[in-house]
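Below: final.tsv (TSV, C-alpha atoms)
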```tsv
chain	number	residue	atom	x	y	z
A	195	MET	CA	-23.72	-24.08	-91.57
A	196	GLU	CA	-23.74	-25.07	-87.91
A	197	ILE	CA	-23.66	-28.82	-87.36
A	198	SER	CA	-27.01	-28.98	-85.53
A	199	LYS	CA	-28.86	-27.61	-88.57
A	200	LYS	CA	-26.85	-29.76	-90.97
A	201	VAL	CA	-27.66	-32.94	-89.04
A	202	ALA	CA	-31.31	-31.88	-88.74
A	203	GLU	CA	-31.46	-31.49	-92.52
A	204	CYS	CA	-29.95	-34.97	-92.94
A	205	LEU	CA	-32.48	-36.59	-90.58
A	206	LEU	CA	-35.42	-34.90	-92.31
A	207	LYS	CA	-34.13	-35.70	-95.79
A	208	ILE	CA	-33.87	-39.44	-95.16
A	209	LYS	CA	-36.99	-39.47	-92.95
A	210	ALA	CA	-35.07	-40.67	-89.93
A	211	VAL	CA	-37.15	-37.96	-88.29
A	212	PHE	CA	-40.71	-37.98	-89.59
A	213	LEU	CA	-43.10	-35.16	-88.64
A	214	ARG	CA	-46.86	-35.63	-88.85
A	215	PRO	CA	-48.59	-33.07	-86.59
A	216	ASP	CA	-52.01	-33.51	-88.21
A	217	GLU	CA	-51.90	-37.33	-88.03
A	218	PRO	CA	-49.99	-38.10	-84.82
A	219	PHE	CA	-48.30	-41.38	-84.11
A	220	THR	CA	-49.21	-43.39	-81.00
A	221	TRP	CA	-46.36	-44.42	-78.73
A	222	ALA	CA	-46.39	-47.72	-76.81
A	223	SER	CA	-47.33	-45.68	-73.72
A	224	GLY	CA	-50.46	-44.45	-75.51
A	225	ILE	CA	-49.17	-40.89	-75.87
A	226	LYS	CA	-49.99	-39.20	-79.16
A	227	SER	CA	-46.84	-37.86	-80.82
A	228	PRO	CA	-46.36	-35.60	-83.87
A	229	ILE	CA	-42.89	-37.02	-84.44
A	230	TYR	CA	-41.31	-40.39	-85.11
A	231	CYS	CA	-37.56	-40.91	-85.00
A	232	ASP	CA	-35.57	-43.87	-86.34
A	233	ASN	CA	-31.87	-43.06	-86.57
A	234	ARG	CA	-31.11	-46.57	-87.82
A	235	LEU	CA	-31.99	-45.17	-91.23
A	236	ILE	CA	-28.75	-43.16	-91.12
A	237	LEU	CA	-26.86	-46.40	-91.67
A	238	THR	CA	-28.55	-46.98	-95.03
A	239	ALA	CA	-27.89	-43.45	-96.34
A	240	PRO	CA	-24.13	-43.23	-97.10
A	241	GLU	CA	-23.87	-39.46	-97.68
A	242	GLU	CA	-25.80	-38.58	-94.53
A	243	ARG	CA	-24.00	-41.31	-92.59
A	244	ILE	CA	-20.62	-39.69	-93.34
A	245	ILE	CA	-21.89	-36.32	-92.06
A	246	VAL	CA	-23.37	-37.77	-88.88
A	247	GLU	CA	-20.50	-40.10	-87.96
A	248	ASN	CA	-17.89	-37.40	-88.55
A	249	ALA	CA	-19.97	-35.08	-86.39
A	250	ILE	CA	-20.02	-37.69	-83.60
A	251	ALA	CA	-16.24	-38.06	-83.83
A	252	GLU	CA	-15.65	-34.30	-83.83
A	253	THR	CA	-17.99	-33.85	-80.86
A	254	VAL	CA	-16.13	-36.51	-78.89
A	255	LYS	CA	-12.81	-34.75	-79.61
A	256	LYS	CA	-14.18	-31.32	-78.72
A	257	GLU	CA	-16.32	-32.11	-75.67
A	258	TYR	CA	-14.42	-35.08	-74.23
A	259	PRO	CA	-10.75	-34.71	-75.21
A	260	GLU	CA	-9.69	-37.17	-72.50
A	261	ALA	CA	-11.85	-39.99	-73.92
A	262	GLU	CA	-10.14	-43.37	-74.22
A	263	ALA	CA	-13.02	-45.57	-75.45
A	264	LEU	CA	-16.54	-45.37	-76.89
A	265	PHE	CA	-19.40	-47.56	-75.72
A	266	GLY	CA	-22.65	-47.76	-77.65
A	267	THR	CA	-26.12	-48.29	-76.26
A	268	SER	CA	-27.90	-51.46	-77.32
A	269	THR	CA	-28.91	-51.76	-80.01
A	270	ALA	CA	-29.18	-48.54	-81.98
A	271	GLY	CA	-26.02	-46.93	-80.62
A	272	ILE	CA	-23.72	-49.86	-81.41
A	273	ALA	CA	-23.10	-49.16	-85.10
A	274	HIS	CA	-22.61	-45.44	-84.51
A	275	ALA	CA	-20.08	-46.13	-81.75
A	276	ALA	CA	-18.24	-48.57	-84.03
A	277	ILE	CA	-18.02	-46.14	-86.95
A	278	ALA	CA	-17.03	-43.17	-84.80
A	279	GLY	CA	-14.49	-45.35	-82.98
A	280	HIS	CA	-13.00	-46.31	-86.33
A	281	ILE	CA	-12.73	-42.65	-87.37
A	282	LEU	CA	-11.05	-41.77	-84.08
A	283	GLY	CA	-8.85	-44.88	-83.91
A	284	MET	CA	-10.37	-45.57	-80.51
A	285	PRO	CA	-11.51	-48.79	-78.78
A	286	MET	CA	-15.23	-49.49	-78.87
A	287	GLY	CA	-17.67	-51.72	-77.04
A	288	TYR	CA	-21.32	-51.76	-76.12
A	289	VAL	CA	-23.66	-52.36	-73.21
A	290	ARG	CA	-26.47	-54.90	-73.48
A	291	GLY	CA	-29.98	-54.14	-72.33
A	292	SER	CA	-29.61	-57.14	-69.99
A	293	SER	CA	-26.88	-59.66	-69.23
A	294	LYS	CA	-26.48	-62.70	-71.48
A	295	ASP	CA	-28.08	-65.85	-70.10
A	296	HIS	CA	-25.15	-68.02	-71.22
A	297	GLY	CA	-21.37	-68.03	-71.49
A	298	ARG	CA	-19.81	-65.36	-69.26
A	299	ASN	CA	-23.17	-63.62	-68.69
A	300	ASN	CA	-21.72	-60.36	-69.97
A	301	LYS	CA	-23.69	-57.14	-69.93
A	302	ILE	CA	-20.74	-55.11	-71.18
A	303	GLU	CA	-19.19	-56.33	-74.43
A	304	GLY	CA	-15.63	-55.30	-75.25
A	305	LYS	CA	-12.52	-54.90	-73.12
A	306	LEU	CA	-13.00	-52.38	-70.32
A	307	GLU	CA	-10.27	-51.71	-67.76
A	308	LYS	CA	-11.16	-50.01	-64.49
A	309	GLY	CA	-10.55	-46.27	-64.69
A	310	THR	CA	-10.96	-46.11	-68.49
A	311	LYS	CA	-12.40	-42.76	-69.57
A	312	VAL	CA	-15.50	-43.61	-71.59
A	313	VAL	CA	-17.99	-41.74	-73.76
A	314	VAL	CA	-21.40	-43.31	-74.36
A	315	ILE	CA	-22.80	-43.09	-77.91
A	316	GLU	CA	-26.61	-42.95	-78.11
A	317	ASP	CA	-28.85	-42.52	-81.14
A	318	LEU	CA	-31.64	-40.57	-79.44
A	319	ILE	CA	-32.73	-39.45	-75.99
A	320	SER	CA	-36.34	-38.96	-74.90
A	321	THR	CA	-36.89	-39.61	-71.19
A	322	GLY	CA	-33.23	-40.58	-70.68
A	323	GLY	CA	-33.86	-43.83	-68.84
A	324	SER	CA	-32.08	-46.28	-71.16
A	325	CYS	CA	-28.88	-44.26	-71.59
A	326	ILE	CA	-28.66	-43.62	-67.84
A	327	ASP	CA	-28.88	-47.41	-67.30
A	328	VAL	CA	-25.89	-47.78	-69.65
A	329	VAL	CA	-23.92	-45.11	-67.80
A	330	GLU	CA	-24.62	-46.78	-64.46
A	331	ALA	CA	-23.56	-50.21	-65.77
A	332	LEU	CA	-20.26	-48.75	-66.99
A	333	ARG	CA	-19.69	-46.94	-63.69
A	334	GLU	CA	-20.36	-50.15	-61.77
A	335	ALA	CA	-17.73	-51.86	-63.93
A	336	GLY	CA	-15.19	-49.23	-62.90
A	337	ALA	CA	-15.26	-46.94	-65.93
A	338	GLU	CA	-15.04	-43.19	-65.63
A	339	VAL	CA	-17.96	-42.07	-67.79
A	340	LEU	CA	-17.20	-38.61	-69.14
A	341	GLY	CA	-20.63	-38.22	-70.71
A	342	ILE	CA	-22.83	-39.00	-73.70
A	343	VAL	CA	-22.84	-37.99	-77.35
A	344	SER	CA	-26.31	-38.48	-78.83
A	345	ILE	CA	-27.44	-37.86	-82.37
A	346	TYR	CA	-30.81	-36.42	-81.40
A	347	THR	CA	-32.65	-35.39	-78.25
A	348	TYR	CA	-36.24	-34.40	-77.69
A	349	GLY	CA	-35.24	-31.98	-74.93
A	350	MET	CA	-38.13	-33.15	-72.77
A	351	LYS	CA	-38.19	-31.89	-69.20
A	352	LYS	CA	-38.26	-35.40	-67.74
A	353	GLY	CA	-35.19	-36.46	-69.72
A	354	LEU	CA	-33.21	-33.34	-68.82
A	355	GLU	CA	-34.05	-33.75	-65.12
A	356	ARG	CA	-33.05	-37.43	-65.12
A	357	LEU	CA	-29.68	-36.68	-66.71
A	358	LYS	CA	-29.03	-33.94	-64.18
A	359	GLU	CA	-29.98	-36.16	-61.24
A	360	ALA	CA	-27.66	-38.91	-62.52
A	361	ASN	CA	-24.85	-36.36	-62.99
A	362	VAL	CA	-24.57	-37.20	-66.67
A	363	LYS	CA	-23.47	-34.72	-69.33
A	364	ASN	CA	-25.10	-35.12	-72.73
A	365	VAL	CA	-24.14	-33.36	-75.95
A	366	SER	CA	-26.53	-33.90	-78.87
A	367	LEU	CA	-25.70	-33.25	-82.50
A	368	THR	CA	-29.20	-31.85	-82.99
A	369	ASP	CA	-32.46	-31.56	-81.11
A	370	PHE	CA	-36.23	-31.26	-81.39
A	371	ASP	CA	-36.29	-27.46	-81.61
A	372	THR	CA	-33.67	-27.37	-84.37
A	373	VAL	CA	-35.43	-30.07	-86.37
A	374	ILE	CA	-38.82	-28.33	-86.30
A	375	THR	CA	-37.22	-24.97	-87.12
A	376	VAL	CA	-35.49	-26.46	-90.17
A	377	ALA	CA	-38.70	-28.28	-91.09
A	378	ALA	CA	-40.66	-25.02	-91.05
A	379	GLU	CA	-37.97	-23.17	-93.03
A	380	THR	CA	-38.00	-25.81	-95.77
A	381	GLY	CA	-41.78	-26.14	-95.98
A	382	TYR	CA	-41.85	-29.64	-94.49
A	383	ILE	CA	-44.37	-28.37	-91.93
A	384	LYS	CA	-46.37	-25.14	-91.67
A	385	ALA	CA	-44.87	-22.27	-89.67
A	386	THR	CA	-48.01	-22.38	-87.48
A	387	ASP	CA	-47.13	-25.96	-86.49
A	388	VAL	CA	-43.97	-24.90	-84.63
A	389	GLU	CA	-45.72	-23.72	-81.46
A	390	ARG	CA	-47.96	-26.80	-81.47
A	391	LEU	CA	-44.92	-29.05	-81.62
A	392	LYS	CA	-43.18	-27.16	-78.82
A	393	ALA	CA	-46.32	-27.61	-76.70
A	394	PHE	CA	-46.03	-31.37	-77.23
A	395	ARG	CA	-42.35	-31.29	-76.21
A	396	ASP	CA	-43.15	-29.34	-73.04
A	397	ASN	CA	-45.91	-31.74	-71.95
A	398	PRO	CA	-46.34	-34.90	-74.07
A	399	SER	CA	-49.26	-36.15	-71.94
A	400	ASP	CA	-51.32	-33.02	-72.69
A	401	GLU	CA	-52.97	-33.62	-76.07
A	402	SER	CA	-54.39	-30.10	-76.46
A	403	TRP	CA	-51.66	-29.38	-79.07
A	404	ILE	CA	-53.44	-31.72	-81.49
A	405	LYS	CA	-56.46	-29.40	-81.77
A	406	ALA	CA	-54.47	-26.16	-81.66
```

Serialized structure, structure tokens:
Amino acid sequence: MEISKKVAECLLKIKAVFLRPDEPFTWASGIKSPIYCDNRLILTAPEERIIVENAIAETVKKEYPEAEALFGTSTAGIAHAAIAGHILGMPMGYVRGSSKDHGRNNKIEGKLEKGTKVVVIEDLISTGGSCIDVVEALREAGAEVLGIVSIYTYGMKKGLERLKEANVKNVSLTDFDTVITVAAETGYIKATDVERLKAFRDNPSDESWIKA
């Protein structure tokens, strides 16, 4: 089985990805969403955790063979970067959402030499803003950021455009389309829900998918 479907199955099984098209969630922005994603739940599911972390490590080796260090996004990417770094025998650090207000006022935690080839580990990407901030912080510190490995991406137009504009490569283990395809195949959602969910992905601010 291809890794994207295998990871999608893991996320659905442990409800790290939770689909509820008939009773949408409300995001902080007010947008109604048929999907909720919390990849922190991977950490509490040992069997699925092994699959996901090995997939992260294999993706780093395949897509970024020159990588010298992994840096996680704060906070959800930190544990995944640490575990994958352990598997690969590679240094690991992380980037804070903001600099500490005491001590050395670090934003980047972990040793980082200028010119180090770095891969960013992210748990999920929606609009892409937070992971691009991490990439820019690492670049400003002198790192050569090869790209991102994320566990899951929504594949939203805004996120894809932002990554392209920032010249950032992202490779996700699985994505929105794969998750909803697997969900339909396993009876988690109705086959008729697939097009509704894709309509949400294409334009989250248009709520017409709810009544479709």

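Minimum atom-to-atom distance to Ser344 in chain A, evaluated using only C-alpha atoms, belongs to A:Ile315 out of A:Leu282, A:Ala202, A:Val388, A:Ile315.
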
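Going from CA of Ile225 in chain A over to CA of Lys358 in chain A, you cover 24.3 Å.
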
(-21.2, -45.9, -86.7) in this file's frame - what residues fall within 9 Å of it? Use only C-alpha atoms and give the answer as a count of residues only. 15

Can you list, as a VMD selection string, every protein, DNA or RNA residue that comes within 7 Å of range 330-343 of chain A when you count only C-alpha atoms, leaving out same-chain residues fewer than 2 positions away? chain A and resid 250 258 308 to 316 326 to 328 345 362 to 366

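Compared by their closest atoms to Val289 in chain A, and using all atoms listed in the file, the residues A:Ser324, A:Ser227, A:Pro259, A:Ala239 rank with A:Ser324 nearest.
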
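The spacing separating CA of Lys209 in chain A from CA of Val329 in chain A amounts to 28.9 Å.
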
Hey, what's within 12 Å of range 392-397 of chain A if we count all atoms listed in the file and toss same-chain stuff fewer than 6 positions away? As a short mmCIF file (atom, residue, chain, number, x, y, z; two decimals) with C-alpha atoms, keeping the file's coordinate frame, please?
```
data_model
loop_
_atom_site.label_atom_id
_atom_site.label_comp_id
_atom_site.auth_asym_id
_atom_site.auth_seq_id
_atom_site.Cartn_x
_atom_site.Cartn_y
_atom_site.Cartn_z
CA PRO A 215 -48.59 -33.07 -86.59
CA PRO A 218 -49.99 -38.10 -84.82
CA ILE A 225 -49.17 -40.89 -75.87
CA LYS A 226 -49.99 -39.20 -79.16
CA SER A 227 -46.84 -37.86 -80.82
CA PRO A 228 -46.36 -35.60 -83.87
CA ILE A 229 -42.89 -37.02 -84.44
CA SER A 320 -36.34 -38.96 -74.90
CA THR A 321 -36.89 -39.61 -71.19
CA THR A 347 -32.65 -35.39 -78.25
CA TYR A 348 -36.24 -34.40 -77.69
CA GLY A 349 -35.24 -31.98 -74.93
CA MET A 350 -38.13 -33.15 -72.77
CA LYS A 351 -38.19 -31.89 -69.20
CA LYS A 352 -38.26 -35.40 -67.74
CA GLY A 353 -35.19 -36.46 -69.72
CA LEU A 354 -33.21 -33.34 -68.82
CA ASP A 369 -32.46 -31.56 -81.11
CA PHE A 370 -36.23 -31.26 -81.39
CA ASP A 371 -36.29 -27.46 -81.61
CA THR A 372 -33.67 -27.37 -84.37
CA VAL A 373 -35.43 -30.07 -86.37
CA ILE A 374 -38.82 -28.33 -86.30
CA THR A 375 -37.22 -24.97 -87.12
CA THR A 386 -48.01 -22.38 -87.48
CA TRP A 403 -51.66 -29.38 -79.07
CA ILE A 404 -53.44 -31.72 -81.49
CA LYS A 405 -56.46 -29.40 -81.77
CA ALA A 406 -54.47 -26.16 -81.66
#
```

Interatomic distance (Å, one decimal) between CA of Leu391 in chain A and CA of Ile319 in chain A: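 Computed distance, CA of Leu391 in chain A to CA of Ile319 in chain A, equals 17.0 Å.
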
Applying 9 Å and all atoms listed in the file, which residues near Lys305 in chain A remain after dropping the ones on its own chain fewer than 2 positions away? List them as a list in words.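 Result of the neighbour search: Pro285, Met286, Gly287, Ile302, Glu303 and Glu307 of chain A.
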
Rank nothing, just name the residue among A:Thr267, A:Glu379, A:Pro398, A:Val201 nearest to Trp221 in chain A, using only C-alpha atoms.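 Between A:Thr267, A:Glu379, A:Pro398, A:Val201, the residue approaching Trp221 in chain A most closely is A:Pro398.
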
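Checking A:Asp317, A:Glu252, A:Asp232, A:Glu355 one by one against Ser268 in chain A, counting all atoms listed in the file, you find the shortest gap at A:Asp317.
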
Take range 220-231 of chain A, model all heavy atoms, and hand the result over as a PDB file, in the coordinates of the input.
```pdb
ATOM      1  N   THR A 220     -48.895 -42.979 -82.374  1.00  0.00           N
ATOM      2  CA  THR A 220     -49.210 -43.390 -81.000  1.00  0.00           C
ATOM      3  C   THR A 220     -48.047 -44.188 -80.445  1.00  0.00           C
ATOM      4  O   THR A 220     -47.667 -45.212 -81.024  1.00  0.00           O
ATOM      5  CB  THR A 220     -50.499 -44.228 -80.952  1.00  0.00           C
ATOM      6  OG1 THR A 220     -51.579 -43.474 -81.499  1.00  0.00           O
ATOM      7  CG2 THR A 220     -50.821 -44.602 -79.509  1.00  0.00           C
ATOM      8  N   TRP A 221     -47.456 -43.712 -79.367  1.00  0.00           N
ATOM      9  CA  TRP A 221     -46.360 -44.420 -78.730  1.00  0.00           C
ATOM     10  C   TRP A 221     -46.890 -45.631 -77.964  1.00  0.00           C
ATOM     11  O   TRP A 221     -48.097 -45.746 -77.709  1.00  0.00           O
ATOM     12  CB  TRP A 221     -45.627 -43.494 -77.761  1.00  0.00           C
ATOM     13  CG  TRP A 221     -44.775 -42.468 -78.445  1.00  0.00           C
ATOM     14  CD1 TRP A 221     -44.513 -42.360 -79.766  1.00  0.00           C
ATOM     15  CD2 TRP A 221     -44.071 -41.387 -77.810  1.00  0.00           C
ATOM     16  NE1 TRP A 221     -43.682 -41.286 -80.017  1.00  0.00           N
ATOM     17  CE2 TRP A 221     -43.399 -40.679 -78.833  1.00  0.00           C
ATOM     18  CE3 TRP A 221     -43.930 -40.956 -76.494  1.00  0.00           C
ATOM     19  CZ2 TRP A 221     -42.612 -39.564 -78.570  1.00  0.00           C
ATOM     20  CZ3 TRP A 221     -43.145 -39.846 -76.219  1.00  0.00           C
ATOM     21  CH2 TRP A 221     -42.492 -39.159 -77.258  1.00  0.00           C
ATOM     22  N   ALA A 222     -45.997 -46.524 -77.575  1.00  0.00           N
ATOM     23  CA  ALA A 222     -46.390 -47.720 -76.810  1.00  0.00           C
ATOM     24  C   ALA A 222     -47.085 -47.323 -75.512  1.00  0.00           C
ATOM     25  O   ALA A 222     -47.954 -48.046 -75.015  1.00  0.00           O
ATOM     26  CB  ALA A 222     -45.155 -48.570 -76.508  1.00  0.00           C
ATOM     27  N   SER A 223     -46.727 -46.161 -74.968  1.00  0.00           N
ATOM     28  CA  SER A 223     -47.330 -45.680 -73.720  1.00  0.00           C
ATOM     29  C   SER A 223     -48.740 -45.153 -73.931  1.00  0.00           C
ATOM     30  O   SER A 223     -49.456 -44.879 -72.968  1.00  0.00           O
ATOM     31  CB  SER A 223     -46.471 -44.549 -73.139  1.00  0.00           C
ATOM     32  OG  SER A 223     -46.407 -43.463 -74.054  1.00  0.00           O
ATOM     33  N   GLY A 224     -49.141 -45.011 -75.207  1.00  0.00           N
ATOM     34  CA  GLY A 224     -50.460 -44.450 -75.510  1.00  0.00           C
ATOM     35  C   GLY A 224     -50.428 -42.972 -75.831  1.00  0.00           C
ATOM     36  O   GLY A 224     -51.426 -42.410 -76.287  1.00  0.00           O
ATOM     37  N   ILE A 225     -49.299 -42.327 -75.604  1.00  0.00           N
ATOM     38  CA  ILE A 225     -49.170 -40.890 -75.870  1.00  0.00           C
ATOM     39  C   ILE A 225     -49.198 -40.632 -77.372  1.00  0.00           C
ATOM     40  O   ILE A 225     -48.578 -41.354 -78.156  1.00  0.00           O
ATOM     41  CB  ILE A 225     -47.850 -40.348 -75.268  1.00  0.00           C
ATOM     42  CG1 ILE A 225     -47.967 -40.290 -73.736  1.00  0.00           C
ATOM     43  CG2 ILE A 225     -47.504 -38.965 -75.820  1.00  0.00           C
ATOM     44  CD1 ILE A 225     -46.696 -39.884 -73.037  1.00  0.00           C
ATOM     45  N   LYS A 226     -49.948 -39.620 -77.760  1.00  0.00           N
ATOM     46  CA  LYS A 226     -49.990 -39.200 -79.160  1.00  0.00           C
ATOM     47  C   LYS A 226     -48.778 -38.305 -79.437  1.00  0.00           C
ATOM     48  O   LYS A 226     -48.513 -37.360 -78.691  1.00  0.00           O
ATOM     49  CB  LYS A 226     -51.268 -38.418 -79.460  1.00  0.00           C
ATOM     50  CG  LYS A 226     -52.547 -39.179 -79.189  1.00  0.00           C
ATOM     51  CD  LYS A 226     -52.748 -40.317 -80.170  1.00  0.00           C
ATOM     52  CE  LYS A 226     -54.106 -41.000 -79.949  1.00  0.00           C
ATOM     53  NZ  LYS A 226     -54.300 -42.152 -80.836  1.00  0.00           N
ATOM     54  N   SER A 227     -48.063 -38.603 -80.502  1.00  0.00           N
ATOM     55  CA  SER A 227     -46.840 -37.860 -80.820  1.00  0.00           C
ATOM     56  C   SER A 227     -46.851 -37.372 -82.272  1.00  0.00           C
ATOM     57  O   SER A 227     -47.217 -38.126 -83.172  1.00  0.00           O
ATOM     58  CB  SER A 227     -45.610 -38.733 -80.594  1.00  0.00           C
ATOM     59  OG  SER A 227     -44.458 -38.110 -81.128  1.00  0.00           O
ATOM     60  N   PRO A 228     -46.431 -36.121 -82.504  1.00  0.00           N
ATOM     61  CA  PRO A 228     -46.360 -35.600 -83.870  1.00  0.00           C
ATOM     62  C   PRO A 228     -45.072 -36.008 -84.588  1.00  0.00           C
ATOM     63  O   PRO A 228     -44.871 -35.644 -85.736  1.00  0.00           O
ATOM     64  CB  PRO A 228     -46.392 -34.092 -83.661  1.00  0.00           C
ATOM     65  CG  PRO A 228     -45.656 -33.906 -82.363  1.00  0.00           C
ATOM     66  CD  PRO A 228     -46.048 -35.098 -81.511  1.00  0.00           C
ATOM     67  N   ILE A 229     -44.216 -36.738 -83.887  1.00  0.00           N
ATOM     68  CA  ILE A 229     -42.890 -37.020 -84.440  1.00  0.00           C
ATOM     69  C   ILE A 229     -42.509 -38.485 -84.222  1.00  0.00           C
ATOM     70  O   ILE A 229     -42.829 -39.091 -83.191  1.00  0.00           O
ATOM     71  CB  ILE A 229     -41.832 -36.097 -83.794  1.00  0.00           C
ATOM     72  CG1 ILE A 229     -40.467 -36.244 -84.461  1.00  0.00           C
ATOM     73  CG2 ILE A 229     -41.759 -36.309 -82.285  1.00  0.00           C
ATOM     74  CD1 ILE A 229     -39.481 -35.157 -84.066  1.00  0.00           C
ATOM     75  N   TYR A 230     -41.847 -39.034 -85.212  1.00  0.00           N
ATOM     76  CA  TYR A 230     -41.310 -40.390 -85.110  1.00  0.00           C
ATOM     77  C   TYR A 230     -39.842 -40.327 -85.508  1.00  0.00           C
ATOM     78  O   TYR A 230     -39.493 -39.676 -86.488  1.00  0.00           O
ATOM     79  CB  TYR A 230     -42.064 -41.343 -86.048  1.00  0.00           C
ATOM     80  CG  TYR A 230     -41.518 -42.744 -86.051  1.00  0.00           C
ATOM     81  CD1 TYR A 230     -41.802 -43.621 -85.008  1.00  0.00           C
ATOM     82  CD2 TYR A 230     -40.714 -43.205 -87.092  1.00  0.00           C
ATOM     83  CE1 TYR A 230     -41.303 -44.915 -85.004  1.00  0.00           C
ATOM     84  CE2 TYR A 230     -40.209 -44.490 -87.096  1.00  0.00           C
ATOM     85  CZ  TYR A 230     -40.509 -45.342 -86.045  1.00  0.00           C
ATOM     86  OH  TYR A 230     -40.009 -46.609 -86.045  1.00  0.00           O
ATOM     87  N   CYS A 231     -38.987 -40.979 -84.745  1.00  0.00           N
ATOM     88  CA  CYS A 231     -37.560 -40.910 -85.000  1.00  0.00           C
ATOM     89  C   CYS A 231     -36.958 -42.309 -85.078  1.00  0.00           C
ATOM     90  O   CYS A 231     -37.150 -43.117 -84.166  1.00  0.00           O
ATOM     91  CB  CYS A 231     -36.862 -40.108 -83.897  1.00  0.00           C
ATOM     92  SG  CYS A 231     -35.101 -39.841 -84.186  1.00  0.00           S
TER      93      CYS A 231
END
```
